[in-house]
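Heads up, the thing below is written out as structure tokens.
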Amino acid sequence: MSETIVNRRVIQWFPGHMAKTLRLMETEIRNVDCVLQILDARIPQSSLNPEIERITSGKPHLYVLNKADLADPDITRQWLQYFKTAGAGCLPMDSKQKGKAGAVRGPITQELSALMERRRRKGMVGARIRVMVVGIPNVGKSTFINSFAGTTRAKAANKPGVTRGKQWITVDNFDLMDMPGVLWKKFDSLETATNLAFIGSIKDDILDIEELACGLLSSVRQIYPEKLLARYKLGEEALQLSPYELLQAIGAKRGMLISGGEVDTERAAKMLVGEFRASKWGRISLERPPERALVPQEEWEEDEDAPQDDR
Ligand code: GDP
């Protein structure tokens, strides 16, 4: 198991089964036509696993910005543009939406078909399209696949143990290869690690909840101060407080006191992180698209001669 240090605390975040999943992906990538990578619309950059990018770089990509219902719609539009500029397919998605299978499958089918068109014209794709579905933990991969496939298959996909290895799910003319959620060994920045923690992709019991809440307050008060003030009925002057003082102020407002009148900051922190995850602060995007573009689609297609399984 690997370790990294975030805010003086050691976070263990790369268990053996994840290393195994990456190895499985490396073997199986040649057996699929394209890759559908599920990202969290609130942190598309931090939830983009560089190891998955490396392993799947020879295949066309469709990025699904899942949980778009929780993200800022204006920022999500910018992200769509960012991915499309690189020639990748990209769709915003609410996998929990009503109408489920139809609403989820329709746009995905359309986007994947467009993505595969050039290959199909070259006679590279069989009647069925094989799609490797990948993503980090808690990004909503199971929910997405269940919605895409419909309820019957949803139950099969949810069985414990089944999701640890690869699993084929057949829907219409698609064969989806469901891969277990996987992180990577070394986060490139503290920001990435904390963003992953905010959305619950790193297990909470290895994190300091007060540090997490302070980090969240620090980020959100910079980009959406009005949402924070409105949610906790604070005045503008609260924005001058340090994140920890802000945590105390919010705890006090909610009456979270311990004997002696002190604020129970741990309880306040749990409440804050929980409310953020439950979208009680409103629709929030923690990341904007970077200046640097992604690898263009043409480079993915250089690998077209890679060995393919017989159909
Ligand atoms: P996985 O670990 O990637 O398979 O994630 P799950 O499918 O288990 O989903 C993790 C959590 O996110 C669950 O509580 C889901 O209900 C929730 N979730 C998944 N997709 C969406 C979405 O599009 N919008 C919202 N609001 N919640 C979602």
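Starting from 1 in every chain, residues are counted up; chains themselves are A, B, ... following the order of the structure tokens, and ligands are numbered from 1 as listed.
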Sorted by chain and rising residue number, list the residues of chain A at most 10 Å from ligand 1 (counting only C-alpha atoms and all ligand atoms), each with its closest atom pair and distance in Å to one decimal, as JSON lines.
{"residue": "A:Ile38", "atom": "CA", "partner": "ligand 1", "partner_atom_place_in_ligand_line": "3 (O)", "distance": 8.1}
{"residue": "A:Leu39", "atom": "CA", "partner": "ligand 1", "partner_atom_place_in_ligand_line": "3 (O)", "distance": 9.1}
{"residue": "A:Asp40", "atom": "CA", "partner": "ligand 1", "partner_atom_place_in_ligand_line": "23 (O)", "distance": 8.6}
{"residue": "A:Ala41", "atom": "CA", "partner": "ligand 1", "partner_atom_place_in_ligand_line": "23 (O)", "distance": 8.9}
{"residue": "A:Val64", "atom": "CA", "partner": "ligand 1", "partner_atom_place_in_ligand_line": "23 (O)", "distance": 9.8}
{"residue": "A:Leu65", "atom": "CA", "partner": "ligand 1", "partner_atom_place_in_ligand_line": "23 (O)", "distance": 8.4}
{"residue": "A:Asn66", "atom": "CA", "partner": "ligand 1", "partner_atom_place_in_ligand_line": "23 (O)", "distance": 4.8}
{"residue": "A:Lys67", "atom": "CA", "partner": "ligand 1", "partner_atom_place_in_ligand_line": "23 (O)", "distance": 3.4}
{"residue": "A:Ala68", "atom": "CA", "partner": "ligand 1", "partner_atom_place_in_ligand_line": "23 (O)", "distance": 6.2}
{"residue": "A:Asp69", "atom": "CA", "partner": "ligand 1", "partner_atom_place_in_ligand_line": "24 (N)", "distance": 5.8}
{"residue": "A:Leu70", "atom": "CA", "partner": "ligand 1", "partner_atom_place_in_ligand_line": "26 (N)", "distance": 5.8}
{"residue": "A:Ala71", "atom": "CA", "partner": "ligand 1", "partner_atom_place_in_ligand_line": "26 (N)", "distance": 9.2}
{"residue": "A:Pro92", "atom": "CA", "partner": "ligand 1", "partner_atom_place_in_ligand_line": "23 (O)", "distance": 8.9}
{"residue": "A:Met93", "atom": "CA", "partner": "ligand 1", "partner_atom_place_in_ligand_line": "23 (O)", "distance": 5.8}
{"residue": "A:Asp94", "atom": "CA", "partner": "ligand 1", "partner_atom_place_in_ligand_line": "23 (O)", "distance": 3.4}
{"residue": "A:Ser95", "atom": "CA", "partner": "ligand 1", "partner_atom_place_in_ligand_line": "23 (O)", "distance": 3.8}
{"residue": "A:Lys96", "atom": "CA", "partner": "ligand 1", "partner_atom_place_in_ligand_line": "22 (C)", "distance": 5.0}
{"residue": "A:Gln97", "atom": "CA", "partner": "ligand 1", "partner_atom_place_in_ligand_line": "23 (O)", "distance": 7.1}
{"residue": "A:Val134", "atom": "CA", "partner": "ligand 1", "partner_atom_place_in_ligand_line": "3 (O)", "distance": 8.8}
{"residue": "A:Gly135", "atom": "CA", "partner": "ligand 1", "partner_atom_place_in_ligand_line": "3 (O)", "distance": 6.6}
{"residue": "A:Ile136", "atom": "CA", "partner": "ligand 1", "partner_atom_place_in_ligand_line": "3 (O)", "distance": 6.3}
{"residue": "A:Pro137", "atom": "CA", "partner": "ligand 1", "partner_atom_place_in_ligand_line": "2 (O)", "distance": 4.2}
{"residue": "A:Asn138", "atom": "CA", "partner": "ligand 1", "partner_atom_place_in_ligand_line": "2 (O)", "distance": 3.3}
{"residue": "A:Val139", "atom": "CA", "partner": "ligand 1", "partner_atom_place_in_ligand_line": "3 (O)", "distance": 3.9}
{"residue": "A:Gly140", "atom": "CA", "partner": "ligand 1", "partner_atom_place_in_ligand_line": "5 (O)", "distance": 3.3}
{"residue": "A:Lys141", "atom": "CA", "partner": "ligand 1", "partner_atom_place_in_ligand_line": "3 (O)", "distance": 3.7}
{"residue": "A:Ser142", "atom": "CA", "partner": "ligand 1", "partner_atom_place_in_ligand_line": "4 (O)", "distance": 3.7}
{"residue": "A:Thr143", "atom": "CA", "partner": "ligand 1", "partner_atom_place_in_ligand_line": "7 (O)", "distance": 3.7}
{"residue": "A:Phe144", "atom": "CA", "partner": "ligand 1", "partner_atom_place_in_ligand_line": "20 (N)", "distance": 6.2}
{"residue": "A:Ile145", "atom": "CA", "partner": "ligand 1", "partner_atom_place_in_ligand_line": "7 (O)", "distance": 8.0}
{"residue": "A:Asn146", "atom": "CA", "partner": "ligand 1", "partner_atom_place_in_ligand_line": "7 (O)", "distance": 8.2}
{"residue": "A:Ser147", "atom": "CA", "partner": "ligand 1", "partner_atom_place_in_ligand_line": "20 (N)", "distance": 9.4}
{"residue": "A:Ala157", "atom": "CA", "partner": "ligand 1", "partner_atom_place_in_ligand_line": "4 (O)", "distance": 9.8}
{"residue": "A:Asn158", "atom": "CA", "partner": "ligand 1", "partner_atom_place_in_ligand_line": "4 (O)", "distance": 8.8}
{"residue": "A:Thr163", "atom": "CA", "partner": "ligand 1", "partner_atom_place_in_ligand_line": "4 (O)", "distance": 8.9}
{"residue": "A:Asp178", "atom": "CA", "partner": "ligand 1", "partner_atom_place_in_ligand_line": "4 (O)", "distance": 9.9}
{"residue": "A:Met179", "atom": "CA", "partner": "ligand 1", "partner_atom_place_in_ligand_line": "4 (O)", "distance": 9.6}
{"residue": "A:Pro180", "atom": "CA", "partner": "ligand 1", "partner_atom_place_in_ligand_line": "4 (O)", "distance": 7.8}
{"residue": "A:Gly181", "atom": "CA", "partner": "ligand 1", "partner_atom_place_in_ligand_line": "3 (O)", "distance": 6.0}
{"residue": "A:Val182", "atom": "CA", "partner": "ligand 1", "partner_atom_place_in_ligand_line": "3 (O)", "distance": 9.2}
{"residue": "A:Ile199", "atom": "CA", "partner": "ligand 1", "partner_atom_place_in_ligand_line": "12 (O)", "distance": 9.1}
{"residue": "A:Gly200", "atom": "CA", "partner": "ligand 1", "partner_atom_place_in_ligand_line": "10 (C)", "distance": 8.6}
{"residue": "A:Ser201", "atom": "CA", "partner": "ligand 1", "partner_atom_place_in_ligand_line": "2 (O)", "distance": 7.9}
{"residue": "A:Arg277", "atom": "CA", "partner": "ligand 1", "partner_atom_place_in_ligand_line": "26 (N)", "distance": 9.0}
{"residue": "A:Ala278", "atom": "CA", "partner": "ligand 1", "partner_atom_place_in_ligand_line": "26 (N)", "distance": 7.8}
{"residue": "A:Ser279", "atom": "CA", "partner": "ligand 1", "partner_atom_place_in_ligand_line": "26 (N)", "distance": 7.9}
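Between CA of Ala193 in chain A and CA of Arg54 in chain A the separation is 19.3 Å.
Note that CA of Leu286 in chain A and CA of Lys270 in chain A are 19.2 Å apart.
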Close residues, Leu62 in chain A itself excluded, 12 Å, only C-alpha atoms, min 6 positions apart in chain, as a ChimeraX atom specification: /A:33-39,53,56,80,83-84,86-92,107-116,131-135,297
DSSP strand (DSSP E or B) selection over range 29-158 of chain A, as a list of chain:residue names: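 DSSP on the backbone gives strand (DSSP E or B) at A:Cys34, A:Val35, A:Leu36, A:Gln37, A:Ile38, A:Leu39, A:Asp40, A:His61, A:Leu62, A:Tyr63, A:Val64, A:Leu65, A:Asn66, A:Gly89, A:Cys90, A:Leu91, A:Pro92, A:Met93, A:Ile129, A:Arg130, A:Val131, A:Met132, A:Val133, A:Val134, A:Gly135.
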Write to file, as a PDB file, in the first residue's frame, the residues of the selection just made, with C-alpha atoms.
ATOM      1  CA  CYS A  34     -13.240   3.068 -27.169  1.00  0.00           C
ATOM      2  CA  VAL A  35     -13.099   4.312 -23.609  1.00  0.00           C
ATOM      3  CA  LEU A  36     -15.814   5.993 -21.600  1.00  0.00           C
ATOM      4  CA  GLN A  37     -14.221   7.750 -18.659  1.00  0.00           C
ATOM      5  CA  ILE A  38     -16.560   8.983 -15.968  1.00  0.00           C
ATOM      6  CA  LEU A  39     -15.472  12.190 -14.263  1.00  0.00           C
ATOM      7  CA  ASP A  40     -17.042  14.233 -11.490  1.00  0.00           C
ATOM      8  CA  HIS A  61     -12.490   8.752 -25.596  1.00  0.00           C
ATOM      9  CA  LEU A  62     -15.877   9.813 -24.386  1.00  0.00           C
ATOM     10  CA  TYR A  63     -15.751  11.769 -21.154  1.00  0.00           C
ATOM     11  CA  VAL A  64     -18.908  11.781 -19.071  1.00  0.00           C
ATOM     12  CA  LEU A  65     -19.123  14.699 -16.638  1.00  0.00           C
ATOM     13  CA  ASN A  66     -21.290  12.913 -14.123  1.00  0.00           C
ATOM     14  CA  GLY A  89     -16.597  13.276 -26.930  1.00  0.00           C
ATOM     15  CA  CYS A  90     -17.904  14.862 -23.779  1.00  0.00           C
ATOM     16  CA  LEU A  91     -21.311  14.909 -22.145  1.00  0.00           C
ATOM     17  CA  PRO A  92     -22.762  16.305 -18.959  1.00  0.00           C
ATOM     18  CA  MET A  93     -24.704  13.652 -17.083  1.00  0.00           C
ATOM     19  CA  ILE A 129     -19.110  -1.432 -30.081  1.00  0.00           C
ATOM     20  CA  ARG A 130     -16.970  -2.471 -27.154  1.00  0.00           C
ATOM     21  CA  VAL A 131     -16.628   0.241 -24.553  1.00  0.00           C
ATOM     22  CA  MET A 132     -14.352   0.163 -21.520  1.00  0.00           C
ATOM     23  CA  VAL A 133     -16.055   2.110 -18.711  1.00  0.00           C
ATOM     24  CA  VAL A 134     -13.573   3.558 -16.236  1.00  0.00           C
ATOM     25  CA  GLY A 135     -13.395   6.096 -13.426  1.00  0.00           C
TER      26      GLY A 135
END
Polymer residues at most 12 Å from Gln222 in chain A, only C-alpha atoms, same-chain spacing of 2 or more positions, as a list in words: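 Those residues are Gly215, Leu216, Leu217, Ser218, Ser219, Val220, Tyr224, Pro225, Glu226, Lys227, Leu228, Leu229, Leu239, Gln240, Pro243, Ile284, Ser285, Leu286 and Glu287 of chain A.
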Using N, CA and C atoms, can you write the selected residues to a file as a PDB file, in the first residue's frame?
ATOM      1  N   GLY A 215     -10.401  23.222   4.441  1.00  0.00           N
ATOM      2  CA  GLY A 215      -9.976  23.295   3.036  1.00  0.00           C
ATOM      3  C   GLY A 215     -11.149  23.636   2.131  1.00  0.00           C
ATOM      4  N   LEU A 216     -12.267  23.017   2.419  1.00  0.00           N
ATOM      5  CA  LEU A 216     -13.468  23.245   1.622  1.00  0.00           C
ATOM      6  C   LEU A 216     -13.952  24.693   1.783  1.00  0.00           C
ATOM      7  N   LEU A 217     -13.966  25.157   3.037  1.00  0.00           N
ATOM      8  CA  LEU A 217     -14.384  26.545   3.292  1.00  0.00           C
ATOM      9  C   LEU A 217     -13.453  27.515   2.582  1.00  0.00           C
ATOM     10  N   SER A 218     -12.168  27.207   2.633  1.00  0.00           N
ATOM     11  CA  SER A 218     -11.176  28.080   2.019  1.00  0.00           C
ATOM     12  C   SER A 218     -11.391  28.172   0.504  1.00  0.00           C
ATOM     13  N   SER A 219     -11.663  27.035  -0.144  1.00  0.00           N
ATOM     14  CA  SER A 219     -11.896  27.043  -1.604  1.00  0.00           C
ATOM     15  C   SER A 219     -13.193  27.745  -1.948  1.00  0.00           C
ATOM     16  N   VAL A 220     -14.253  27.349  -1.276  1.00  0.00           N
ATOM     17  CA  VAL A 220     -15.581  27.818  -1.681  1.00  0.00           C
ATOM     18  C   VAL A 220     -15.788  29.296  -1.369  1.00  0.00           C
ATOM     19  N   TYR A 224     -17.339  30.929  -4.535  1.00  0.00           N
ATOM     20  CA  TYR A 224     -18.786  31.130  -4.385  1.00  0.00           C
ATOM     21  C   TYR A 224     -19.097  31.696  -2.995  1.00  0.00           C
ATOM     22  N   PRO A 225     -18.526  32.874  -2.634  1.00  0.00           N
ATOM     23  CA  PRO A 225     -18.744  33.380  -1.267  1.00  0.00           C
ATOM     24  C   PRO A 225     -20.228  33.548  -0.953  1.00  0.00           C
ATOM     25  N   GLU A 226     -21.000  33.972  -1.960  1.00  0.00           N
ATOM     26  CA  GLU A 226     -22.428  34.264  -1.712  1.00  0.00           C
ATOM     27  C   GLU A 226     -23.191  33.005  -1.294  1.00  0.00           C
ATOM     28  N   LYS A 227     -22.791  31.851  -1.834  1.00  0.00           N
ATOM     29  CA  LYS A 227     -23.502  30.603  -1.495  1.00  0.00           C
ATOM     30  C   LYS A 227     -23.239  30.222  -0.043  1.00  0.00           C
ATOM     31  N   LEU A 228     -21.983  30.417   0.358  1.00  0.00           N
ATOM     32  CA  LEU A 228     -21.587  30.076   1.724  1.00  0.00           C
ATOM     33  C   LEU A 228     -22.312  30.988   2.723  1.00  0.00           C
ATOM     34  N   LEU A 229     -22.301  32.290   2.435  1.00  0.00           N
ATOM     35  CA  LEU A 229     -22.940  33.248   3.336  1.00  0.00           C
ATOM     36  C   LEU A 229     -24.439  32.975   3.429  1.00  0.00           C
ATOM     37  N   LEU A 239     -16.243  36.708   5.701  1.00  0.00           N
ATOM     38  CA  LEU A 239     -15.264  36.357   4.672  1.00  0.00           C
ATOM     39  C   LEU A 239     -13.838  36.777   5.069  1.00  0.00           C
ATOM     40  N   GLN A 240     -13.735  37.623   6.080  1.00  0.00           N
ATOM     41  CA  GLN A 240     -12.399  38.049   6.554  1.00  0.00           C
ATOM     42  C   GLN A 240     -11.818  37.035   7.544  1.00  0.00           C
ATOM     43  N   PRO A 243     -10.178  30.202   7.768  1.00  0.00           N
ATOM     44  CA  PRO A 243     -11.089  29.063   7.589  1.00  0.00           C
ATOM     45  C   PRO A 243     -11.507  28.430   8.925  1.00  0.00           C
ATOM     46  N   ILE A 284     -22.006  23.731  -7.243  1.00  0.00           N
ATOM     47  CA  ILE A 284     -20.643  24.258  -7.096  1.00  0.00           C
ATOM     48  C   ILE A 284     -19.657  23.471  -7.962  1.00  0.00           C
ATOM     49  N   SER A 285     -18.838  24.198  -8.724  1.00  0.00           N
ATOM     50  CA  SER A 285     -17.727  23.581  -9.449  1.00  0.00           C
ATOM     51  C   SER A 285     -16.440  24.048  -8.806  1.00  0.00           C
ATOM     52  N   LEU A 286     -15.603  23.109  -8.413  1.00  0.00           N
ATOM     53  CA  LEU A 286     -14.374  23.481  -7.705  1.00  0.00           C
ATOM     54  C   LEU A 286     -13.204  23.721  -8.657  1.00  0.00           C
ATOM     55  N   GLU A 287     -13.380  23.369  -9.941  1.00  0.00           N
ATOM     56  CA  GLU A 287     -12.282  23.548 -10.899  1.00  0.00           C
ATOM     57  C   GLU A 287     -12.760  24.166 -12.200  1.00  0.00           C
TER      58      GLU A 287
END
Selected residue of minimal separation from Asn173 in chain A among A:Ile258, A:Ala149, A:Met25, A:Ala197, counting only C-alpha atoms: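 Using only C-alpha atoms, the shortest distance to Asn173 in chain A belongs to A:Ala149.
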Those of range 131-283 of chain A in DSSP helix (DSSP H, G or I), formatted as a PyMOL selection string: chain A and resi 141-149+151-158+162-164+190-198+204-206+209-223+225-231+236-240+243-253+265-277
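Reported to one decimal place, the separation of CA of Arg42 in chain A from CA of Tyr232 in chain A is 21.3 Å.
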Polymer residues at most 8 Å from range 245-249 of chain A, only C-alpha atoms, same-chain spacing of 4 or more positions, as an NGL selection string: :A and (213-214 or 217 or 238-239 or 241 or 253 or 263-265 or 268-269)
Could you write out the selected residues, including N, CA and C atoms, as a short mmCIF file (atom, residue, chain, number, x, y, z; two decimals), in the first residue's frame?
data_model
loop_
_atom_site.label_atom_id
_atom_site.label_comp_id
_atom_site.auth_asym_id
_atom_site.auth_seq_id
_atom_site.Cartn_x
_atom_site.Cartn_y
_atom_site.Cartn_z
N ALA A 213 -12.81 20.14 6.21
CA ALA A 213 -13.83 21.20 6.22
C ALA A 213 -13.19 22.57 6.02
N CYS A 214 -12.04 22.80 6.66
CA CYS A 214 -11.36 24.09 6.51
C CYS A 214 -10.90 24.29 5.06
N LEU A 217 -13.97 25.16 3.04
CA LEU A 217 -14.38 26.54 3.29
C LEU A 217 -13.45 27.51 2.58
N ALA A 238 -17.79 37.84 7.62
CA ALA A 238 -17.33 36.46 7.86
C ALA A 238 -16.25 36.06 6.86
N LEU A 239 -16.24 36.71 5.70
CA LEU A 239 -15.26 36.36 4.67
C LEU A 239 -13.84 36.78 5.07
N LEU A 241 -12.63 36.13 8.04
CA LEU A 241 -12.15 35.17 9.04
C LEU A 241 -11.24 34.12 8.41
N LYS A 253 -23.31 29.22 15.02
CA LYS A 253 -24.62 29.55 14.43
C LYS A 253 -25.59 28.39 14.52
N VAL A 263 -17.13 25.80 20.69
CA VAL A 263 -17.78 25.17 19.54
C VAL A 263 -17.22 23.76 19.34
N ASP A 264 -18.11 22.83 19.08
CA ASP A 264 -17.70 21.45 18.75
C ASP A 264 -17.30 21.46 17.27
N THR A 265 -16.02 21.76 17.02
CA THR A 265 -15.58 21.95 15.63
C THR A 265 -15.60 20.65 14.82
N ALA A 268 -19.12 20.28 13.73
CA ALA A 268 -19.40 21.30 12.71
C ALA A 268 -18.76 20.91 11.38
N ALA A 269 -17.53 20.35 11.46
CA ALA A 269 -16.82 19.96 10.24
C ALA A 269 -17.56 18.84 9.52
#
Residue with smallest distance to Thr27 in chain A - pool A:Tyr244, A:Val273, A:Leu48, A:Lys166, counting only C-alpha atoms: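 That would be A:Lys166, the residue with the smallest distance to Thr27 in chain A.
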